[in-house]
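Enquirer: You'll find upload-v3.csv just under this line, and it carries CSV, C-alpha atoms and all ligand atoms.
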```csv
chain,number,residue,atom,x,y,z
A,1,MET,CA,44.5,208.1,140.9
A,2,SER,CA,40.8,208.4,140.8
A,3,ASP,CA,40.5,207.0,144.3
A,4,THR,CA,42.5,209.8,145.8
A,5,PRO,CA,40.7,210.8,149.0
A,6,THR,CA,39.3,214.3,148.8
A,7,ASP,CA,38.8,216.8,151.5
A,8,TYR,CA,36.3,218.6,149.3
A,9,LYS,CA,33.8,220.6,151.4
A,10,GLY,CA,31.6,222.3,148.8
A,11,PRO,CA,27.8,221.9,148.4
A,12,GLN,CA,26.1,218.7,147.1
A,13,ARG,CA,25.4,219.4,143.4
A,14,VAL,CA,23.8,217.1,141.0
A,15,LEU,CA,24.3,217.5,137.3
A,16,SER,CA,23.4,215.6,134.2
A,17,GLY,CA,22.7,216.2,130.5
A,18,MET,CA,21.5,214.6,127.3
A,19,GLN,CA,22.1,215.0,123.6
A,20,PRO,CA,19.5,217.0,121.8
A,21,THR,CA,19.4,214.5,118.9
A,22,GLY,CA,16.2,212.8,118.0
A,23,ARG,CA,13.2,212.3,120.2
A,24,LEU,CA,13.1,211.0,123.7
A,25,HIS,CA,11.7,207.6,124.4
A,26,LEU,CA,10.6,205.4,127.3
A,27,GLY,CA,14.2,204.4,127.9
A,28,ASN,CA,15.2,208.0,128.6
A,29,TYR,CA,12.4,208.4,131.0
A,30,LEU,CA,12.7,205.3,133.1
A,31,GLY,CA,16.5,205.2,132.8
A,32,ALA,CA,17.3,208.8,133.5
A,33,LEU,CA,14.6,211.5,133.8
A,34,LYS,CA,12.7,209.6,136.5
A,35,ASN,CA,15.9,209.6,138.6
A,36,TRP,CA,16.6,213.3,137.9
A,37,VAL,CA,13.2,214.2,139.2
A,38,ALA,CA,13.7,212.2,142.3
A,39,LEU,CA,17.0,213.9,143.0
A,40,GLN,CA,15.6,217.4,142.7
A,41,GLU,CA,13.1,216.6,145.5
A,42,ASP,CA,16.0,216.5,148.0
A,43,PRO,CA,16.4,220.1,149.3
A,44,THR,CA,20.0,219.5,150.3
A,45,ARG,CA,21.0,219.1,146.7
A,46,GLU,CA,21.2,221.7,143.9
A,47,CYS,CA,20.3,220.2,140.5
A,48,PHE,CA,21.6,221.2,137.1
A,49,TYR,CA,20.1,219.5,134.0
A,50,PHE,CA,21.2,220.7,130.6
A,51,ILE,CA,21.1,219.9,126.9
A,52,VAL,CA,24.5,219.2,125.4
A,53,ASP,CA,24.3,221.1,122.1
A,54,MET,CA,28.1,221.6,122.1
A,55,HIS,CA,28.6,217.9,122.2
A,56,ALA,CA,26.0,217.5,119.4
A,57,ILE,CA,28.3,219.2,116.9
A,58,THR,CA,31.1,216.7,117.4
A,59,MET,CA,29.2,214.6,114.7
A,60,PRO,CA,27.6,216.0,111.5
A,61,HIS,CA,24.6,218.0,112.4
A,62,ASP,CA,22.0,220.3,110.9
A,63,PRO,CA,22.4,223.9,112.2
A,64,ALA,CA,18.8,224.8,111.0
A,65,THR,CA,17.2,222.3,113.4
A,66,LEU,CA,19.6,222.3,116.4
A,67,PRO,CA,17.8,225.0,118.3
A,68,ASP,CA,14.5,223.2,118.0
A,69,THR,CA,15.9,219.9,119.1
A,70,VAL,CA,17.3,221.7,122.2
A,71,ARG,CA,13.8,223.1,122.9
A,72,SER,CA,12.3,219.7,122.4
A,73,ALA,CA,14.7,218.1,124.9
A,74,ALA,CA,14.0,220.9,127.4
A,75,ALA,CA,10.2,220.4,126.9
A,76,ALA,CA,10.7,216.7,127.5
A,77,TYR,CA,12.7,217.2,130.7
A,78,ILE,CA,9.9,219.5,132.1
A,79,ALA,CA,7.1,217.3,130.9
A,80,ALA,CA,8.8,214.4,132.8
A,81,GLY,CA,8.7,216.4,136.0
A,82,VAL,CA,12.0,218.3,136.1
A,83,ASP,CA,10.8,221.5,137.7
A,84,PRO,CA,12.4,224.8,136.4
A,85,GLU,CA,11.8,226.3,139.9
A,86,LYS,CA,13.7,223.5,141.7
A,87,SER,CA,16.3,222.6,139.0
A,88,THR,CA,18.4,224.7,136.7
A,89,ILE,CA,17.6,223.8,133.1
A,90,PHE,CA,19.7,225.3,130.3
A,91,ALA,CA,21.5,224.8,127.0
A,92,GLN,CA,25.2,224.0,127.3
A,93,SER,CA,26.2,226.6,124.6
A,94,ALA,CA,24.5,229.4,126.5
A,95,VAL,CA,27.2,229.1,129.2
A,96,PRO,CA,30.6,229.9,127.8
A,97,ALA,CA,32.4,228.8,131.0
A,98,HIS,CA,32.0,225.1,129.8
A,99,ALA,CA,34.3,225.8,126.8
A,100,GLU,CA,36.8,227.9,128.8
A,101,LEU,CA,37.2,225.2,131.4
A,102,ALA,CA,37.4,222.5,128.6
A,103,TRP,CA,40.4,224.2,127.2
A,104,ILE,CA,42.2,224.1,130.5
A,105,PHE,CA,41.3,220.5,131.0
A,106,ASN,CA,42.5,219.6,127.5
A,107,CYS,CA,45.9,220.5,128.9
A,108,VAL,CA,45.4,218.4,132.1
A,109,ALA,CA,44.0,215.2,130.4
A,110,ARG,CA,46.6,212.9,128.8
A,111,LEU,CA,46.4,211.6,125.3
A,112,GLY,CA,46.6,208.1,126.6
A,113,TRP,CA,43.5,208.5,128.8
A,114,LEU,CA,41.5,209.6,125.8
A,115,GLU,CA,42.7,206.9,123.6
A,116,ARG,CA,41.2,204.3,125.9
A,117,MET,CA,37.6,205.8,125.5
A,118,THR,CA,35.4,203.2,124.0
A,119,GLN,CA,32.6,205.7,123.0
A,120,PHE,CA,35.1,207.5,120.7
A,121,LYS,CA,36.0,204.2,119.0
A,122,ASP,CA,32.3,203.3,118.6
A,123,LYS,CA,31.3,206.7,117.2
A,124,ALA,CA,34.4,207.3,115.0
A,125,GLY,CA,33.9,203.9,113.4
A,126,LYS,CA,36.6,202.5,111.0
A,127,ASP,CA,37.9,205.7,109.6
A,128,LYS,CA,39.0,207.5,112.8
A,129,GLU,CA,41.3,209.8,110.8
A,130,ARG,CA,38.2,211.6,109.6
A,131,ALA,CA,36.5,212.0,113.0
A,132,SER,CA,36.4,215.5,114.4
A,133,VAL,CA,39.0,216.5,117.0
A,134,GLY,CA,36.0,217.5,119.0
A,135,LEU,CA,34.7,213.9,119.1
A,136,PHE,CA,38.1,212.9,120.5
A,137,THR,CA,38.1,215.5,123.2
A,138,TYR,CA,34.3,215.0,123.9
A,139,PRO,CA,35.0,213.4,127.3
A,140,VAL,CA,37.1,216.4,128.3
A,141,LEU,CA,34.2,218.8,127.6
A,142,GLN,CA,32.0,216.5,129.6
A,143,ALA,CA,34.4,216.8,132.5
A,144,ALA,CA,34.3,220.5,132.2
A,145,ASP,CA,30.5,220.4,132.1
A,146,ILE,CA,30.6,218.6,135.5
A,147,LEU,CA,33.4,220.4,137.2
A,148,VAL,CA,32.5,223.9,136.1
A,149,TYR,CA,29.6,223.5,138.7
A,150,LYS,CA,31.8,221.4,141.0
A,151,ALA,CA,29.1,218.8,140.7
A,152,THR,CA,29.5,216.0,143.3
A,153,GLU,CA,27.0,213.6,141.8
A,154,VAL,CA,26.2,212.7,138.2
A,155,PRO,CA,23.3,210.4,137.4
A,156,VAL,CA,24.1,208.6,134.1
A,157,GLY,CA,23.6,205.3,132.4
A,158,GLU,CA,26.2,202.5,132.5
A,159,ASP,CA,27.6,203.6,129.1
A,160,GLN,CA,28.8,206.9,130.6
A,161,LYS,CA,30.8,205.2,133.4
A,162,GLN,CA,34.1,205.5,131.6
A,163,HIS,CA,33.6,209.2,130.9
A,164,LEU,CA,32.9,209.8,134.6
A,165,GLU,CA,36.1,207.9,135.5
A,166,LEU,CA,38.0,210.3,133.2
A,167,CYS,CA,36.3,213.3,134.9
A,168,ARG,CA,37.5,212.0,138.2
A,169,ASP,CA,41.0,211.5,136.8
A,170,ILE,CA,41.1,215.1,135.5
A,171,ALA,CA,39.9,216.5,138.9
A,172,ALA,CA,42.4,214.5,140.8
A,173,ARG,CA,45.2,215.4,138.5
A,174,PHE,CA,44.3,219.1,138.6
A,175,ASN,CA,44.1,219.0,142.4
A,176,ARG,CA,47.5,217.3,142.6
A,177,ASP,CA,49.2,219.6,140.1
A,178,TYR,CA,47.7,222.9,141.2
A,179,GLY,CA,45.9,222.5,144.5
A,180,LYS,CA,48.8,223.0,146.9
A,181,GLY,CA,47.3,220.4,149.1
A,182,GLU,CA,43.7,221.6,148.7
A,183,ALA,CA,40.9,219.9,146.7
A,184,ILE,CA,39.9,222.5,144.2
A,185,PHE,CA,37.5,220.2,142.4
A,186,PRO,CA,35.4,217.4,143.9
A,187,ILE,CA,36.0,213.8,142.9
A,188,THR,CA,32.5,213.4,141.4
A,189,GLU,CA,30.5,210.3,142.1
A,190,PRO,CA,28.7,208.7,139.2
A,191,VAL,CA,25.2,207.6,140.2
A,192,ILE,CA,24.7,204.7,137.9
A,193,GLN,CA,21.2,203.5,137.3
A,194,GLY,CA,20.7,199.8,138.3
A,195,PRO,CA,20.2,197.2,135.6
A,196,GLY,CA,16.4,197.3,136.3
A,197,ALA,CA,16.3,200.8,134.8
A,198,ARG,CA,18.2,199.7,131.8
A,199,ILE,CA,15.5,199.6,129.2
A,200,MET,CA,16.3,197.5,126.1
A,201,SER,CA,14.9,197.5,122.5
A,202,LEU,CA,11.5,195.9,122.0
A,203,ARG,CA,13.0,194.1,119.0
A,204,ASP,CA,16.2,192.8,120.7
A,205,GLY,CA,16.4,192.4,124.4
A,206,THR,CA,20.2,192.6,124.3
A,207,SER,CA,20.6,196.1,122.8
A,208,LYS,CA,19.6,199.3,124.5
A,209,MET,CA,16.4,201.1,123.6
A,210,SER,CA,17.8,203.9,121.3
A,211,LYS,CA,16.7,206.8,119.3
A,212,SER,CA,19.2,205.8,116.6
A,213,ASP,CA,17.7,202.3,116.1
A,214,VAL,CA,16.4,202.1,112.5
A,215,SER,CA,13.2,200.3,113.6
A,216,ASP,CA,10.7,202.6,115.2
A,217,ASN,CA,9.0,199.5,116.6
A,218,SER,CA,12.1,199.0,118.9
A,219,ARG,CA,11.1,201.9,121.1
A,220,ILE,CA,8.2,203.7,122.6
A,221,ASN,CA,8.4,207.4,121.8
A,222,LEU,CA,7.0,210.3,123.8
A,223,GLU,CA,4.8,211.2,120.9
A,224,ASP,CA,3.3,207.8,120.4
A,225,ASP,CA,-0.4,207.6,121.1
A,226,ALA,CA,-2.2,204.9,123.0
A,227,ASP,CA,-2.9,202.8,119.9
A,228,MET,CA,0.7,203.0,118.7
A,229,ILE,CA,2.0,202.1,122.2
A,230,ALA,CA,-0.3,199.0,122.3
A,231,ARG,CA,0.7,198.0,118.8
A,232,LYS,CA,4.4,198.2,119.5
A,233,ILE,CA,4.1,196.2,122.7
A,234,LYS,CA,2.0,193.6,120.9
A,235,LYS,CA,4.7,193.3,118.3
A,236,ALA,CA,7.5,193.2,120.9
A,237,LYS,CA,9.7,190.2,120.5
A,238,THR,CA,9.2,187.5,123.1
A,239,ASP,CA,9.7,183.8,123.5
A,240,PRO,CA,7.0,181.0,123.5
A,241,GLU,CA,7.3,180.3,127.3
A,242,PRO,CA,4.9,181.7,129.9
A,243,LEU,CA,6.4,184.1,132.4
A,244,PRO,CA,8.3,182.3,135.2
A,245,ALA,CA,7.6,182.7,138.9
A,246,THR,CA,11.1,183.9,139.9
A,247,VAL,CA,13.6,186.4,138.7
A,248,GLU,CA,16.3,183.7,138.4
A,249,GLU,CA,14.3,182.0,135.7
A,250,LEU,CA,14.3,185.1,133.6
A,251,GLU,CA,18.0,184.5,133.1
A,252,GLY,CA,18.7,183.9,129.4
A,253,ARG,CA,15.3,185.3,128.4
A,254,ALA,CA,16.4,188.8,127.5
A,255,GLU,CA,13.1,189.9,125.9
A,256,ALA,CA,10.9,188.6,128.7
A,257,SER,CA,13.2,190.1,131.2
A,258,ASN,CA,13.1,193.5,129.5
A,259,LEU,CA,9.3,193.6,129.4
A,260,VAL,CA,9.0,192.6,133.0
A,261,GLY,CA,11.6,195.3,133.8
A,262,ILE,CA,9.6,197.9,132.0
A,263,TYR,CA,6.4,196.9,133.8
A,264,ALA,CA,8.3,197.0,137.1
A,265,ALA,CA,9.8,200.5,136.5
A,266,LEU,CA,6.4,201.9,135.3
A,267,THR,CA,4.6,200.6,138.4
A,268,ASN,CA,7.5,201.2,140.9
A,269,GLN,CA,7.7,197.5,141.7
A,270,THR,CA,10.5,195.0,141.7
A,271,LYS,CA,10.7,192.4,139.0
A,272,ALA,CA,9.9,189.8,141.7
A,273,GLU,CA,6.7,191.5,142.6
A,274,VAL,CA,5.7,191.7,138.9
A,275,LEU,CA,6.4,188.0,138.5
A,276,GLY,CA,4.4,187.3,141.7
A,277,GLU,CA,1.4,188.7,139.9
A,278,PHE,CA,2.0,187.4,136.3
A,279,GLY,CA,4.1,184.3,136.8
A,280,GLY,CA,2.6,181.4,134.9
A,281,GLN,CA,0.8,183.7,132.5
A,282,GLY,CA,1.6,183.9,128.8
A,283,PHE,CA,2.4,187.1,126.9
A,284,GLY,CA,-1.1,187.2,125.5
A,285,ALA,CA,-2.2,188.2,129.0
A,286,PHE,CA,0.9,190.2,130.0
A,287,LYS,CA,1.3,192.4,127.0
A,288,PRO,CA,-2.1,194.1,127.2
A,289,ALA,CA,-1.5,194.8,130.9
A,290,LEU,CA,1.9,196.3,130.0
A,291,ALA,CA,0.4,198.4,127.3
A,292,ASP,CA,-2.2,199.8,129.8
A,293,VAL,CA,0.4,200.9,132.3
A,294,ALA,CA,2.7,202.3,129.6
A,295,VAL,CA,-0.2,204.4,128.2
A,296,GLU,CA,-1.2,205.5,131.7
A,297,TYR,CA,2.3,206.5,132.5
A,298,LEU,CA,3.1,208.3,129.3
A,299,ALA,CA,-0.2,210.1,128.7
A,300,PRO,CA,0.3,213.0,131.1
A,301,ILE,CA,3.9,213.4,130.1
A,302,SER,CA,3.1,213.5,126.4
A,303,ASP,CA,0.2,215.9,127.0
A,304,GLU,CA,2.4,218.3,128.9
A,305,TYR,CA,5.2,217.9,126.3
A,306,ARG,CA,2.8,218.8,123.5
A,307,ARG,CA,1.5,221.8,125.4
A,308,LEU,CA,5.1,223.1,126.0
A,309,ILE,CA,6.4,222.5,122.6
A,310,SER,CA,3.6,224.6,121.1
A,311,ASP,CA,4.8,227.5,123.3
A,312,LYS,CA,8.3,228.2,122.2
A,313,ALA,CA,8.4,231.6,124.0
A,314,GLU,CA,7.8,229.8,127.3
A,315,ILE,CA,10.6,227.3,126.7
A,316,ASP,CA,13.0,230.0,125.7
A,317,ARG,CA,12.1,232.0,128.8
A,318,ILE,CA,12.8,228.9,131.0
A,319,LEU,CA,16.1,228.2,129.2
A,320,ALA,CA,17.2,231.9,129.4
A,321,LYS,CA,16.5,231.9,133.2
A,322,GLY,CA,18.3,228.6,133.6
A,323,ALA,CA,21.3,229.8,131.6
A,324,GLU,CA,21.5,232.9,133.8
A,325,ARG,CA,21.5,230.9,137.0
A,326,ALA,CA,24.1,228.4,135.5
A,327,ARG,CA,26.4,231.2,134.5
A,328,ALA,CA,26.3,232.7,137.9
A,329,VAL,CA,27.6,229.4,139.4
A,330,ALA,CA,30.0,228.6,136.6
A,331,GLN,CA,31.7,231.9,136.1
A,332,PRO,CA,33.4,232.2,139.5
A,333,VAL,CA,34.7,228.6,139.1
A,334,VAL,CA,36.3,229.5,135.8
A,335,ALA,CA,37.7,232.7,137.2
A,336,GLU,CA,39.2,230.7,140.1
A,337,THR,CA,40.6,228.1,137.8
A,338,LYS,CA,42.1,230.7,135.4
A,339,LYS,CA,43.8,232.4,138.3
A,340,ILE,CA,45.2,229.1,139.5
A,341,VAL,CA,46.8,228.3,136.2
A,342,GLY,CA,48.2,231.8,135.8
A,343,PHE,CA,45.9,233.3,133.2
A,344,TRP,CA,45.0,237.0,132.7
A,345,GLY,CA,41.7,238.0,134.4
B,401,LIG,N1,27.9,212.1,127.2
B,401,LIG,C1,26.6,212.1,127.7
B,401,LIG,C2,25.7,211.1,126.9
B,401,LIG,O1,25.9,210.8,125.8
B,401,LIG,C3,26.0,213.5,127.7
B,401,LIG,C4,26.7,214.4,128.6
B,401,LIG,C5,27.5,215.4,128.2
B,401,LIG,C6,26.7,214.4,130.0
B,401,LIG,N2,28.0,216.1,129.3
B,401,LIG,C7,27.5,215.5,130.4
B,401,LIG,C8,26.1,213.6,131.0
B,401,LIG,C9,27.8,215.8,131.7
B,401,LIG,C10,26.3,213.9,132.3
B,401,LIG,C11,27.2,214.9,132.7
B,401,LIG,O2,24.7,210.7,127.5
```
How does this structure look as structure tokens?
Expert:
Amino acid sequence: MSDTPTDYKGPQRVLSGMQPTGRLHLGNYLGALKNWVALQEDPTRECFYFIVDMHAITMPHDPATLPDTVRSAAAAYIAAGVDPEKSTIFAQSAVPAHAELAWIFNCVARLGWLERMTQFKDKAGKDKERASVGLFTYPVLQAADILVYKATEVPVGEDQKQHLELCRDIAARFNRDYGKGEAIFPITEPVIQGPGARIMSLRDGTSKMSKSDVSDNSRINLEDDADMIARKIKKAKTDPEPLPATVEELEGRAEASNLVGIYAALTNQTKAEVLGEFGGQGFGAFKPALADVAVEYLAPISDEYRRLISDKAEIDRILAKGAERARAVAQPVVAETKKIVGFWG
């Protein structure tokens, strides 16, 4: 069903969001934000980047700190180069249209579709009877996030592919059931980052760099200073072999491959180019070079982040303006949808 052709003719809109939990790390930058920034530079696309605080409460959370974690994420977006003049930056909960559309989509999505979602199974753990109902319908809210702007492209990591598939199924089903031959919603394209941008843990090259990893040495955080970055890279897990000359020979060497991938992403090169320079050298030579480029890349971002985070009023002003712009786009879509399903004004 998700391959239903669409005659959708609306504008090109890009949308993506992140959870406000924890601090952002190098994986978020190279895997997502860098791409968001690149997309906003295309004048034919309108970009919407938001912080998913409504999704954040699907799991236990602290109401006292949630607003500051939203500010912190917004500051990180901006520090990474998302420009509030070019892109619309806002908190999800400031735009009620997301929740309104989510209810309608709860009645479009089928129980069977949601039961297949692997993220729910992972997050709910063994005792799924105790998971919130919100955690179960999380992907439906995500579909509403996307379609309330009629977003045509959503840059996300590989782990969100299944949720994007569900969003396409909901759009197609809605169009079929209510569209009278017209595509009300676009069939959104996921823009999946290539494996090169998939940044793995510094302690285990087979698991993703993550803010929830118990070991802080597994990731490079935005707040880490130059010494800390160098120390973490020095401690990063490797193997005893020198770096190979070709990408094929990185096969089966997850940690080596990850470090080469990070270097490549930081310097805008391919892994092959990095190996062209470092092939044959040991990690004793490669790690300090990697630490240097990581520090150089992150320093301006973390300086800007610190400046912004100390100015709450500035962040709040940006978020308020973003929310206003977002509401102006989302409200008419909800109004149109409500009318289509037969609701009161
Ligand atoms: N589920 C996404 C994640 O965990 C966050 C998210 C919520 C999102 N709504 C979205 C991403 C809409 C893209 C589009 O990363």
Enquirer: If we count only C-alpha atoms and set the cut-off at 12 Å, which residues sit around Ser16 of chain A, ignoring sequence neighbours fewer than 4 positions away in its own chain? Please answer as an MDAnalysis selection string.
Expert: chainID A and resid 32:33 35:37 39:40 46:52 77 82 87:92 142:143 145:147 149 151:157 160 164 188:192
Enquirer: What is the atom CA of Gly125 of chain A-atom CA of Glu255 of chain A distance in Å, reported with one decimal?
Expert: 28.0 Å
Enquirer: Point out the residue among A:Gly261, A:Gly322, A:Gly279, A:Gly112 with the least atom-to-atom distance to Ala245 of chain A, counting all atoms listed in the file.
Expert: A:Gly279
Enquirer: If you measure from atom CA of Thr137 of chain A to atom CA of Ile104 of chain A, what distance in Å do you get, rounded to one decimal?
Expert: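 Those two atoms sit 12.0 Å apart.
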Enquirer: Separation of atom CA of Ile340 of chain A and atom CA of Gly179 of chain A, in Å?
Expert: 8.3 Å
